[in-house]
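Novice: Have a peek at data_0.txt (compact mmCIF, C-alpha atoms).
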# COMPACT_ATOMS: atom_id res chain seq x y z
CA MET A 1 92.68 94.79 82.77
CA SER A 2 95.14 96.95 84.68
CA SER A 3 97.32 98.12 81.78
CA PHE A 4 97.13 101.64 80.35
CA LYS A 5 96.07 102.14 76.74
CA GLY A 6 96.51 105.16 74.50
CA ARG A 7 99.32 107.70 74.64
CA PRO A 8 102.39 106.86 76.77
CA VAL A 9 102.81 109.01 79.89
CA LYS A 10 106.01 109.91 81.74
CA ILE A 11 107.18 111.77 84.84
CA ALA A 12 108.59 115.11 83.68
CA GLY A 13 109.68 116.49 87.05
CA THR A 14 109.30 116.15 90.82
CA GLY A 15 109.59 118.33 93.91
CA LYS A 16 109.02 118.37 97.65
CA TYR A 17 108.54 120.74 100.56
CA ILE A 18 109.26 119.85 104.17
CA PRO A 19 108.30 122.40 106.86
CA ASP A 20 111.00 123.62 109.26
CA THR A 21 109.52 122.67 112.64
CA VAL A 22 111.01 119.36 113.83
CA MET A 23 109.69 117.11 116.59
CA THR A 24 112.04 114.31 117.61
CA ASN A 25 111.32 111.20 119.64
CA ALA A 26 113.13 112.93 122.52
CA ASP A 27 110.56 115.75 122.31
CA PHE A 28 107.77 113.21 122.74
CA GLU A 29 109.48 111.89 125.87
CA LYS A 30 108.67 115.26 127.48
CA ILE A 31 104.92 115.01 126.92
CA LEU A 32 104.16 111.27 126.78
CA ASP A 33 105.07 108.05 128.55
CA THR A 34 107.42 106.90 125.79
CA ASN A 35 111.05 106.99 124.66
CA ASP A 36 113.17 107.04 121.54
CA LYS A 37 114.01 103.33 121.70
CA TRP A 38 110.35 102.28 122.02
CA ILE A 39 109.24 104.50 119.11
CA PHE A 40 112.08 103.62 116.75
CA GLU A 41 111.88 99.86 117.29
CA ARG A 42 108.14 99.83 116.55
CA THR A 43 108.02 102.34 113.72
CA GLY A 44 111.46 103.16 112.30
CA ILE A 45 110.83 106.86 112.99
CA ARG A 46 113.34 109.21 114.67
CA LYS A 47 111.75 112.58 113.90
CA ARG A 48 109.00 114.25 111.95
CA HIS A 49 108.27 117.78 110.68
CA PHE A 50 105.19 119.89 111.31
CA ALA A 51 103.82 122.99 109.63
CA SER A 52 104.17 126.22 111.58
CA PRO A 53 100.99 127.80 113.01
CA ASP A 54 100.75 130.14 110.01
CA GLU A 55 101.31 127.40 107.39
CA LYS A 56 98.32 125.63 105.86
CA CYS A 57 98.15 122.48 103.78
CA SER A 58 97.82 124.62 100.64
CA ASP A 59 101.08 126.42 101.52
CA LEU A 60 102.95 123.13 101.67
CA ALA A 61 101.33 121.98 98.43
CA TYR A 62 102.16 125.26 96.69
CA ASN A 63 105.86 125.04 97.55
CA ALA A 64 106.10 121.44 96.32
CA ALA A 65 104.25 122.38 93.13
CA VAL A 66 106.64 125.23 92.35
CA ALA A 67 109.62 122.89 92.83
CA ALA A 68 108.11 120.22 90.55
CA LEU A 69 107.31 122.71 87.79
CA GLU A 70 110.86 124.03 87.92
CA ASP A 71 112.27 120.50 87.75
CA ALA A 72 110.04 119.73 84.76
CA GLY A 73 111.04 122.94 82.99
CA MET A 74 107.38 123.91 82.64
CA LYS A 75 105.35 127.00 83.39
CA ALA A 76 102.06 127.01 85.27
CA GLU A 77 100.19 127.96 82.10
CA ASP A 78 101.33 124.63 80.56
CA ILE A 79 99.27 122.66 83.11
CA ASP A 80 95.83 121.31 82.14
CA MET A 81 94.82 119.88 85.54
CA VAL A 82 95.91 120.16 89.17
CA LEU A 83 95.19 117.07 91.31
CA VAL A 84 95.87 117.05 95.05
CA GLY A 85 95.75 114.01 97.30
CA THR A 86 95.15 115.17 100.86
CA ASN A 87 93.28 114.28 104.05
CA SER A 88 93.98 117.56 105.84
CA PRO A 89 92.75 120.40 103.61
CA ASP A 90 92.71 124.00 104.81
CA MET A 91 88.91 123.71 104.90
CA ILE A 92 86.24 121.47 103.39
CA PHE A 93 85.94 123.90 100.49
CA PRO A 94 87.42 125.47 98.49
CA SER A 95 89.77 122.62 97.64
CA VAL A 96 93.52 122.74 98.17
CA SER A 97 93.92 122.16 94.43
CA CYS A 98 91.93 125.31 93.59
CA ILE A 99 93.99 127.38 96.01
CA VAL A 100 97.24 126.07 94.50
CA GLN A 101 95.96 126.47 90.94
CA GLY A 102 95.24 130.13 91.64
CA ARG A 103 98.52 130.80 93.44
CA ILE A 104 100.75 129.33 90.74
CA GLY A 105 98.72 130.99 87.96
CA ALA A 106 97.64 127.83 86.12
CA ALA A 107 94.83 129.75 84.41
CA LYS A 108 94.09 127.01 81.84
CA ALA A 109 93.87 124.19 84.39
CA GLY A 110 91.05 122.49 86.20
CA ALA A 111 91.50 121.48 89.84
CA MET A 112 90.34 118.63 92.03
CA ASP A 113 91.20 117.16 95.44
CA ILE A 114 91.21 113.40 95.94
CA LEU A 115 90.48 112.07 99.43
CA ALA A 116 91.56 108.42 99.66
CA GLY A 117 93.54 108.21 102.87
CA CYS A 118 97.26 107.65 102.41
CA THR A 119 96.48 106.29 98.93
CA GLY A 120 95.46 109.79 97.83
CA SER A 121 98.46 110.78 95.74
CA LEU A 122 98.69 107.34 94.10
CA SER A 123 95.00 107.66 93.21
CA ALA A 124 95.68 111.12 91.81
CA MET A 125 98.58 109.78 89.71
CA SER A 126 96.32 107.05 88.32
CA VAL A 127 93.67 109.62 87.35
CA ALA A 128 96.35 111.86 85.79
CA VAL A 129 97.88 109.06 83.70
CA SER A 130 94.44 107.96 82.52
CA GLY A 131 93.53 111.49 81.50
CA ILE A 132 96.75 112.08 79.59
CA ALA A 133 96.71 108.65 77.94
CA SER A 134 93.16 109.24 76.70
CA GLY A 135 93.99 112.67 75.29
CA VAL A 136 91.86 114.69 77.72
CA TRP A 137 94.94 116.42 79.17
CA ASN A 138 98.57 116.87 78.11
CA ASN A 139 100.23 118.01 81.34
CA VAL A 140 98.99 117.29 84.87
CA LEU A 141 100.40 118.51 88.17
CA VAL A 142 99.93 115.88 90.90
CA ILE A 143 100.48 116.85 94.54
CA GLY A 144 100.33 114.98 97.82
CA ALA A 145 100.15 117.30 100.85
CA GLU A 146 99.33 116.96 104.53
CA SER A 147 99.22 119.25 107.55
CA PHE A 148 98.23 116.98 110.44
CA ARG A 149 99.35 119.02 113.44
CA ASN A 150 95.86 120.35 114.16
CA ILE A 151 94.08 116.99 113.89
CA MET A 152 96.44 114.96 116.07
CA ASP A 153 95.46 113.81 119.56
CA TRP A 154 98.67 114.78 121.34
CA THR A 155 97.76 112.59 124.32
CA ASP A 156 97.49 109.41 122.24
CA ARG A 157 100.96 107.92 121.85
CA SER A 158 99.67 105.24 119.48
CA THR A 159 99.00 107.85 116.76
CA CYS A 160 100.73 111.18 117.39
CA ILE A 161 104.23 109.67 117.22
CA LEU A 162 103.54 108.30 113.74
CA PHE A 163 102.55 111.25 111.59
CA GLY A 164 104.26 114.29 110.14
CA ASP A 165 103.59 117.12 107.69
CA GLY A 166 104.98 117.72 104.23
CA ALA A 167 104.25 117.81 100.53
CA GLY A 168 105.55 116.29 97.33
CA ALA A 169 104.61 116.80 93.70
CA CYS A 170 105.23 115.53 90.22
CA VAL A 171 104.40 116.72 86.72
CA LEU A 172 103.13 114.08 84.30
CA THR A 173 103.15 114.57 80.54
CA VAL A 174 103.03 112.75 77.21
CA SER A 175 106.14 110.60 76.76
CA ASP A 176 108.29 111.07 73.68
CA GLY A 177 110.58 108.15 74.51
CA ASP A 178 110.63 104.82 76.30
CA ALA A 179 109.54 106.08 79.73
CA ARG A 180 105.90 105.23 80.42
CA PHE A 181 103.37 104.11 83.00
CA ILE A 182 102.50 100.48 82.34
CA GLY A 183 99.49 99.86 84.57
CA ALA A 184 97.57 100.71 87.71
CA LYS A 185 95.01 99.22 90.05
CA LEU A 186 92.96 100.86 92.81
CA LEU A 187 90.87 98.88 95.30
CA ALA A 188 89.07 99.43 98.60
CA ASP A 189 87.65 97.36 101.42
CA GLY A 190 84.92 99.50 102.93
CA THR A 191 84.12 96.86 105.54
CA LYS A 192 87.29 98.10 107.27
CA HIS A 193 86.30 101.77 107.16
CA ASP A 194 86.55 102.09 110.94
CA LEU A 195 90.27 101.20 111.19
CA ILE A 196 91.48 104.78 110.57
CA THR A 197 89.07 107.63 111.22
CA LEU A 198 88.82 111.35 111.91
CA GLU A 199 86.45 111.71 114.86
CA LYS A 200 84.90 114.60 116.74
CA GLY A 201 85.93 115.11 120.35
CA GLU A 202 83.60 115.18 123.33
CA ASN A 203 82.84 118.88 122.86
CA GLU A 204 82.03 118.36 119.15
CA THR A 205 84.17 121.37 118.22
CA SER A 206 87.38 119.59 117.25
CA GLU A 207 88.38 116.46 115.40
CA SER A 208 91.30 114.09 115.88
CA LEU A 209 92.78 111.10 114.11
CA LYS A 210 92.03 107.67 115.56
CA MET A 211 93.57 104.40 114.43
CA LYS A 212 93.25 100.73 115.36
CA GLY A 213 96.95 100.15 114.86
CA ASN A 214 97.12 96.40 115.38
CA GLU A 215 94.24 95.78 112.99
CA VAL A 216 95.79 98.05 110.35
CA PHE A 217 99.09 96.17 110.71
CA LYS A 218 97.34 92.81 110.24
CA PHE A 219 95.28 94.06 107.31
CA VAL A 220 98.27 95.40 105.41
CA ASN A 221 100.50 92.37 106.01
CA THR A 222 97.68 90.02 104.99
CA GLU A 223 96.11 91.85 102.06
CA MET A 224 98.92 93.84 100.42
CA PRO A 225 101.19 90.91 99.42
CA LYS A 226 98.21 89.16 97.78
CA PHE A 227 97.14 92.37 96.07
CA ILE A 228 100.62 93.13 94.73
CA LYS A 229 101.07 89.58 93.40
CA SER A 230 97.67 89.71 91.69
CA PHE A 231 98.37 93.14 90.18
CA CYS A 232 101.77 92.08 88.83
CA LYS A 233 100.25 88.89 87.40
CA GLU A 234 97.71 90.95 85.46
CA LEU A 235 100.64 92.84 83.93
CA LYS A 236 102.43 89.53 83.21
CA MET A 237 105.33 90.15 85.59
CA GLU A 238 106.50 88.95 88.99
CA PRO A 239 107.00 91.27 92.01
CA ASP A 240 110.67 90.29 92.33
CA LYS A 241 111.26 91.32 88.69
CA VAL A 242 110.28 94.90 89.46
CA ASP A 243 113.59 96.77 89.81
CA PHE A 244 112.60 99.29 92.48
CA TRP A 245 109.66 100.03 94.75
CA ILE A 246 108.27 103.37 95.98
CA PHE A 247 106.31 102.24 99.04
CA HIS A 248 104.04 104.30 101.28
CA GLN A 249 106.08 105.28 104.35
CA ALA A 250 103.75 104.16 107.13
CA ASN A 251 105.89 101.92 109.31
CA ALA A 252 109.25 100.24 108.77
CA ARG A 253 107.98 96.95 110.18
CA ILE A 254 105.05 96.96 107.77
CA ILE A 255 107.33 97.55 104.78
CA ALA A 256 109.74 94.81 105.91
CA GLY A 257 106.86 92.40 106.51
CA VAL A 258 105.27 92.92 103.10
CA PHE A 259 108.62 92.62 101.33
CA LYS A 260 109.44 89.43 103.22
CA ARG A 261 106.14 87.87 102.13
CA LEU A 262 106.90 88.86 98.54
CA ASN A 263 110.46 87.51 98.80
CA ILE A 264 111.85 90.92 97.83
CA SER A 265 114.92 92.52 99.40
CA VAL A 266 114.32 95.83 101.16
CA ASP A 267 117.38 97.03 99.25
CA LYS A 268 114.96 97.47 96.34
CA THR A 269 113.12 100.31 98.03
CA TYR A 270 113.82 103.78 99.43
CA MET A 271 112.88 104.61 103.01
CA ASN A 272 112.74 108.06 104.61
CA LEU A 273 110.50 107.20 107.58
CA GLU A 274 113.31 107.93 110.00
CA MET A 275 113.37 111.57 108.93
CA TYR A 276 109.69 112.38 108.27
CA GLY A 277 107.40 109.79 109.82
CA ASN A 278 104.16 108.96 108.02
CA THR A 279 103.21 111.95 105.86
CA SER A 280 100.06 110.18 104.62
CA ALA A 281 99.09 111.23 101.07
CA ALA A 282 102.32 113.23 100.75
CA SER A 283 104.45 110.17 101.52
CA LEU A 284 104.61 108.63 98.05
CA MET A 285 105.39 111.94 96.32
CA ILE A 286 108.15 112.88 98.76
CA THR A 287 109.68 109.39 98.48
CA LEU A 288 109.51 109.48 94.67
CA HIS A 289 111.34 112.80 94.56
CA GLU A 290 114.07 111.67 96.94
CA ALA A 291 114.54 108.28 95.26
CA LEU A 292 115.00 109.93 91.87
CA ASP A 293 117.22 112.64 93.31
CA SER A 294 119.44 110.07 95.06
CA GLY A 295 120.08 108.11 91.87
CA CYS A 296 118.48 104.91 93.21
CA ILE A 297 116.35 104.65 90.09
CA LYS A 298 118.08 104.11 86.75
CA LYS A 299 117.04 104.44 83.14
CA GLY A 300 115.14 101.34 82.05
CA ASP A 301 114.09 100.37 85.58
CA LYS A 302 110.56 99.17 86.23
CA VAL A 303 109.35 101.01 89.34
CA GLY A 304 106.41 99.87 91.46
CA PHE A 305 104.34 102.34 93.52
CA VAL A 306 102.30 100.96 96.42
CA ALA A 307 100.09 102.73 98.97
CA PHE A 308 97.32 101.94 101.44
CA GLY A 309 95.26 104.06 103.79
CA ALA A 310 92.01 104.93 105.52
CA GLY A 311 88.95 103.40 103.96
CA MET A 312 90.65 100.97 103.68
CA THR A 313 91.98 101.99 100.28
CA PHE A 314 94.97 100.51 98.50
CA GLY A 315 96.57 100.68 95.09
CA ALA A 316 99.61 100.15 92.89
CA LEU A 317 101.23 101.57 89.77
CA ILE A 318 104.05 100.29 87.57
CA TYR A 319 106.29 102.78 85.77
CA GLU A 320 109.14 102.14 83.35
CA VAL A 321 111.80 104.84 83.54
Represent the supplied structure as structure tokens.
Specialist:
Amino acid sequence: MSSFKGRPVKIAGTGKYIPDTVMTNADFEKILDTNDKWIFERTGIRKRHFASPDEKCSDLAYNAAVAALEDAGMKAEDIDMVLVGTNSPDMIFPSVSCIVQGRIGAAKAGAMDILAGCTGSLSAMSVAVSGIASGVWNNVLVIGAESFRNIMDWTDRSTCILFGDGAGACVLTVSDGDARFIGAKLLADGTKHDLITLEKGENETSESLKMKGNEVFKFVNTEMPKFIKSFCKELKMEPDKVDFWIFHQANARIIAGVFKRLNISVDKTYMNLEMYGNTSAASLMITLHEALDSGCIKKGDKVGFVAFGAGMTFGALIYEV
């Protein structure tokens, strides 16, 4: 079953951090054979932000974490576990989560990174809810953070126009009211592991992101509607009865296509692709923060979280506000 058992878990606070450096579609016109119209019509993206040369993934994650703790009214010493979804850590080890745990002073907390493509922060939320519900933890800081600027192939217009840097975070805790996570499901199709990859260049000294865009588009539009329907059925609800959706910000056409197949209006979701591009594992956390901050989500709403990414991984969560 997909439903959570044990103690109810709620979102206590959220935060985000977007780096200052902006790269617009017009900027790409100067270095690639492309233009604003072509990019926007195919992706829904106008601009994206990138970390400065002296900013690492852990810096972005740290700033989002501080904002989420402040929003939750908690101190770092209240946190039992720090979970970070990322595909672009500062280094293979130590983990981004350990660096953030040390910087914020969460001396009582464990730390773990989760690498699951763009599904990383949703996977981290699922682990956090499970841990709190079971009584292992009381308060968990979940972060999604990416710094892609150094792993982009800036000559490949099929990928470099899509991605951006940023971080989002949320604090999860035991619920003392009606708010609670209802259920979650995480799946993968490893036969499609070659659709999105990080590959070494010819000189073997650098790596860059590669993606079979058309195949990813087909996979998501074919598999995600079926997956979402099946997940909702397990929780004895219909997709169109979910009040609001927090959807991974990969491509506006993908989101519209999935919603059309589910017979759901895109008015029931929040999109920030135009401003940030695809921020991978940070996407869901940034979108959650902005959707809550904008007032799109109301008390009593059932909110669906959906993400998919390299692997191919995909997952969903349902939360009642």
Novice: Kindly assemble as JSON lines a list of the range 52-130 of chain A residues that lie within 7 Å of range 302-317 of chain A, each paired with its nearest atom pair and their distance in Å to one decimal, using all atoms listed in the file, sorted first by chain and then by ascending residue number.
Specialist:
{"residue": "A:Ala116", "atom": "CA", "partner": "A:Thr313", "partner_atom": "CA", "distance": 6.5}
{"residue": "A:Gly117", "atom": "CA", "partner": "A:Ala310", "partner_atom": "CA", "distance": 4.5}
{"residue": "A:Cys118", "atom": "CA", "partner": "A:Gly309", "partner_atom": "CA", "distance": 4.3}
{"residue": "A:Thr119", "atom": "CA", "partner": "A:Ala307", "partner_atom": "CA", "distance": 5.1}
{"residue": "A:Leu122", "atom": "CA", "partner": "A:Ala307", "partner_atom": "CA", "distance": 6.9}
Novice: Just to confirm, what's the straight-line distance from CA of Ser97 in chain A to CA of Ser147 in chain A in Å (one decimal)?
Specialist: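 So the answer is 14.4 Å.
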Novice: How close does range 104-182 of chain A get to range 278-285 of chain A? List, as a Markdown table, each residue of range 104-182 of chain A within 10 Å, its nearest atom pair and the distance in Å to one decimal, counting all atoms listed in the file.
Specialist:
| residue | atom | partner | partner_atom | distance |
| --- | --- | --- | --- | --- |
| A:Ile114 | CA | A:Ala281 | CA | 9.6 |
| A:Leu115 | CA | A:Ala281 | CA | 8.8 |
| A:Ala116 | CA | A:Ala281 | CA | 8.2 |
| A:Gly117 | CA | A:Ala281 | CA | 6.6 |
| A:Cys118 | CA | A:Ala281 | CA | 4.2 |
| A:Thr119 | CA | A:Ala281 | CA | 6.0 |
| A:Gly120 | CA | A:Ala281 | CA | 5.1 |
| A:Ser121 | CA | A:Ala281 | CA | 5.4 |
| A:Leu122 | CA | A:Leu284 | CA | 7.2 |
| A:Ser123 | CA | A:Ala281 | CA | 9.6 |
| A:Ala124 | CA | A:Ala281 | CA | 9.9 |
| A:Met125 | CA | A:Met285 | CA | 9.7 |
| A:Val142 | CA | A:Met285 | CA | 8.6 |
| A:Ile143 | CA | A:Met285 | CA | 7.2 |
| A:Gly144 | CA | A:Ala282 | CA | 4.0 |
| A:Ala145 | CA | A:Ala282 | CA | 4.6 |
| A:Glu146 | CA | A:Ala282 | CA | 6.1 |
| A:Ser147 | CA | A:Thr279 | CA | 8.5 |
| A:Phe148 | CA | A:Thr279 | CA | 8.4 |
| A:Ile161 | CA | A:Asn278 | CA | 9.2 |
| A:Leu162 | CA | A:Asn278 | CA | 5.8 |
| A:Phe163 | CA | A:Asn278 | CA | 4.5 |
| A:Gly164 | CA | A:Thr279 | CA | 5.0 |
| A:Asp165 | CA | A:Thr279 | CA | 5.5 |
| A:Gly166 | CA | A:Thr279 | CA | 6.3 |
| A:Ala167 | CA | A:Ala282 | CA | 5.0 |
| A:Gly168 | CA | A:Met285 | CA | 4.5 |
| A:Ala169 | CA | A:Met285 | CA | 5.6 |
| A:Cys170 | CA | A:Met285 | CA | 7.1 |
Novice: Would you pick out the contacts of Glu238 in chain A at 12 Å or less, using all atoms listed in the file, so that residues sharing its chain but fewer than 4 positions from it are not included, and give the list as a list in words?
Specialist: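 Using all atoms listed in the file, the neighbours found are Pro225, Ile228, Lys229, Ser230, Phe231, Cys232, Lys233, Glu234, Val242, Asp243, Leu262, Asn263, Ile264, Lys302, Gly304 and Ile318 of chain A.
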Novice: Closest to Ser208 in chain A among A:Ser88, A:Ser294, A:Met112, A:Ile182, using all atoms listed in the file?
Specialist: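 Under the stated criterion, the closest residue is A:Ser88.
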Novice: Just the residues within 12 Å of Tyr62 in chain A, please, counting only C-alpha atoms, with nothing from its chain fewer than 3 positions along; format it as number ranges by chain.
Specialist: A: 15-18, 55-59, 65-69, 76, 82, 84, 96-106, 141-146, 166-169
Novice: Print the selection's residues with C-alpha atoms to a file, as a short mmCIF file (atom, residue, chain, number, x, y, z; two decimals), in the frame of the given file.
Specialist:
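Result file follows (out_19.cif):
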data_model
loop_
_atom_site.label_atom_id
_atom_site.label_comp_id
_atom_site.auth_asym_id
_atom_site.auth_seq_id
_atom_site.Cartn_x
_atom_site.Cartn_y
_atom_site.Cartn_z
CA GLY A 15 109.59 118.33 93.91
CA LYS A 16 109.02 118.37 97.65
CA TYR A 17 108.54 120.74 100.56
CA ILE A 18 109.26 119.85 104.17
CA GLU A 55 101.31 127.40 107.39
CA LYS A 56 98.32 125.63 105.86
CA CYS A 57 98.15 122.48 103.78
CA SER A 58 97.82 124.62 100.64
CA ASP A 59 101.08 126.42 101.52
CA ALA A 65 104.25 122.38 93.13
CA VAL A 66 106.64 125.23 92.35
CA ALA A 67 109.62 122.89 92.83
CA ALA A 68 108.11 120.22 90.55
CA LEU A 69 107.31 122.71 87.79
CA ALA A 76 102.06 127.01 85.27
CA VAL A 82 95.91 120.16 89.17
CA VAL A 84 95.87 117.05 95.05
CA VAL A 96 93.52 122.74 98.17
CA SER A 97 93.92 122.16 94.43
CA CYS A 98 91.93 125.31 93.59
CA ILE A 99 93.99 127.38 96.01
CA VAL A 100 97.24 126.07 94.50
CA GLN A 101 95.96 126.47 90.94
CA GLY A 102 95.24 130.13 91.64
CA ARG A 103 98.52 130.80 93.44
CA ILE A 104 100.75 129.33 90.74
CA GLY A 105 98.72 130.99 87.96
CA ALA A 106 97.64 127.83 86.12
CA LEU A 141 100.40 118.51 88.17
CA VAL A 142 99.93 115.88 90.90
CA ILE A 143 100.48 116.85 94.54
CA GLY A 144 100.33 114.98 97.82
CA ALA A 145 100.15 117.30 100.85
CA GLU A 146 99.33 116.96 104.53
CA GLY A 166 104.98 117.72 104.23
CA ALA A 167 104.25 117.81 100.53
CA GLY A 168 105.55 116.29 97.33
CA ALA A 169 104.61 116.80 93.70
#
Novice: May I have the residues within 7 Å of Val216 in chain A as a ChimeraX atom specification, using all atoms listed in the file and disregarding those fewer than 4 positions away in the same chain?
Specialist: /A:195,212,220
Novice: Choose the residue, out of A:Asp153, A:Ala184, A:Ser158, A:Pro8, that has the smallest atom-to-atom separation from Gly135 in chain A; count all atoms listed in the file.
Specialist: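 Smallest distance to Gly135 in chain A is found for A:Pro8.
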Novice: Using CA of Lys260 in chain A and CA of Thr43 in chain A as the two end points, give the distance in Å to one decimal.
Specialist: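 Spanning CA of Lys260 in chain A to CA of Thr43 in chain A is a straight-line distance of 16.7 Å.
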Novice: Measure the distance from CA of Ser3 in chain A to CA of Met224 in chain A in Å and round it to one decimal.
Specialist: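 Value for the CA of Ser3 in chain A-CA of Met224 in chain A distance: 19.2 Å.
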Novice: For the point (118.7, 100.6, 92.1) in file coordinates, what residues are within 12 Å, counting all atoms listed in the file? Give the answer as a compact mmCIF listing (two decimals) with C-alpha atoms, keeping the file's coordinate frame?
Specialist:
# COMPACT_ATOMS: atom_id res chain seq x y z
CA VAL A 242 110.28 94.90 89.46
CA ASP A 243 113.59 96.77 89.81
CA PHE A 244 112.60 99.29 92.48
CA TRP A 245 109.66 100.03 94.75
CA ILE A 246 108.27 103.37 95.98
CA SER A 265 114.92 92.52 99.40
CA VAL A 266 114.32 95.83 101.16
CA ASP A 267 117.38 97.03 99.25
CA LYS A 268 114.96 97.47 96.34
CA THR A 269 113.12 100.31 98.03
CA TYR A 270 113.82 103.78 99.43
CA ALA A 291 114.54 108.28 95.26
CA LEU A 292 115.00 109.93 91.87
CA SER A 294 119.44 110.07 95.06
CA GLY A 295 120.08 108.11 91.87
CA CYS A 296 118.48 104.91 93.21
CA ILE A 297 116.35 104.65 90.09
CA LYS A 298 118.08 104.11 86.75
CA LYS A 299 117.04 104.44 83.14
CA GLY A 300 115.14 101.34 82.05
CA ASP A 301 114.09 100.37 85.58
CA LYS A 302 110.56 99.17 86.23
CA VAL A 303 109.35 101.01 89.34
CA VAL A 321 111.80 104.84 83.54
Novice: Adding 5 Å on each side of the box along x, y and z that holds all listed atoms of range 277-283 of chain A, could you give its centre and edge lengths in Å to one decimal, as JSON?
Specialist:
{"center_x": 103.2, "center_y": 111.1, "center_z": 105.3, "size_x": 18.3, "size_y": 14.3, "size_z": 19.1}
Novice: So, with all atoms listed in the file as the atoms that count, which of A:Lys47, A:Asp33, A:Met91, A:Asn25 lies closest to Leu273 in chain A?
Specialist: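 Of all the options, A:Lys47 lies closest to Leu273 in chain A.
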Novice: Would you mind exporting range 24-83 of chain A with C-alpha atoms, as a short mmCIF file (atom, residue, chain, number, x, y, z; two decimals), in the first residue's frame?
Specialist:
data_model
loop_
_atom_site.label_atom_id
_atom_site.label_comp_id
_atom_site.auth_asym_id
_atom_site.auth_seq_id
_atom_site.Cartn_x
_atom_site.Cartn_y
_atom_site.Cartn_z
CA THR A 24 18.16 34.90 -20.54
CA ASN A 25 17.18 33.36 -23.85
CA ALA A 26 18.66 36.47 -25.48
CA ASP A 27 22.01 35.62 -23.86
CA PHE A 28 21.90 32.19 -25.49
CA GLU A 29 21.33 33.83 -28.87
CA LYS A 30 24.88 35.19 -28.57
CA ILE A 31 26.52 31.80 -28.18
CA LEU A 32 24.20 29.33 -29.92
CA ASP A 33 22.12 29.02 -33.08
CA THR A 34 18.83 29.69 -31.28
CA ASN A 35 16.43 32.46 -30.30
CA ASP A 36 13.97 33.42 -27.59
CA LYS A 37 10.91 32.38 -29.60
CA TRP A 38 12.30 28.91 -30.37
CA ILE A 39 13.28 28.26 -26.73
CA PHE A 40 10.08 29.58 -25.15
CA GLU A 41 7.71 27.75 -27.51
CA ARG A 42 9.43 24.42 -26.85
CA THR A 43 10.11 24.76 -23.14
CA GLY A 44 8.21 27.65 -21.53
CA ILE A 45 11.52 29.08 -20.26
CA ARG A 46 12.54 32.75 -20.56
CA LYS A 47 15.51 32.84 -18.19
CA ARG A 48 17.40 30.81 -15.64
CA HIS A 49 19.80 31.55 -12.77
CA PHE A 50 23.29 30.17 -12.22
CA ALA A 51 25.56 30.05 -9.20
CA SER A 52 28.51 32.42 -9.27
CA PRO A 53 32.01 30.91 -9.69
CA ASP A 54 32.56 31.02 -5.92
CA GLU A 55 29.16 29.46 -5.03
CA LYS A 56 28.89 25.71 -4.57
CA CYS A 57 25.83 23.50 -4.34
CA SER A 58 26.23 23.40 -0.56
CA ASP A 59 26.10 27.23 -0.44
CA LEU A 60 22.77 27.25 -2.24
CA ALA A 61 21.46 24.47 0.01
CA TYR A 62 22.63 26.27 3.15
CA ASN A 63 20.80 29.49 2.26
CA ALA A 64 17.56 27.63 1.51
CA ALA A 65 17.90 25.68 4.76
CA VAL A 66 18.31 28.84 6.84
CA ALA A 67 15.19 30.33 5.23
CA ALA A 68 13.13 27.18 5.87
CA LEU A 69 14.19 26.96 9.52
CA GLU A 70 13.25 30.59 10.03
CA ASP A 71 9.86 30.03 8.40
CA ALA A 72 9.26 27.00 10.62
CA GLY A 73 10.28 28.90 13.75
CA MET A 74 12.84 26.21 14.57
CA LYS A 75 16.50 26.19 15.50
CA ALA A 76 19.11 23.95 13.91
CA GLU A 77 19.48 21.99 17.14
CA ASP A 78 15.80 20.94 16.79
CA ILE A 79 16.60 18.96 13.62
CA ASP A 80 17.11 15.18 13.81
CA MET A 81 18.07 14.56 10.16
CA VAL A 82 19.20 16.58 7.15
CA LEU A 83 18.29 15.08 3.76
#
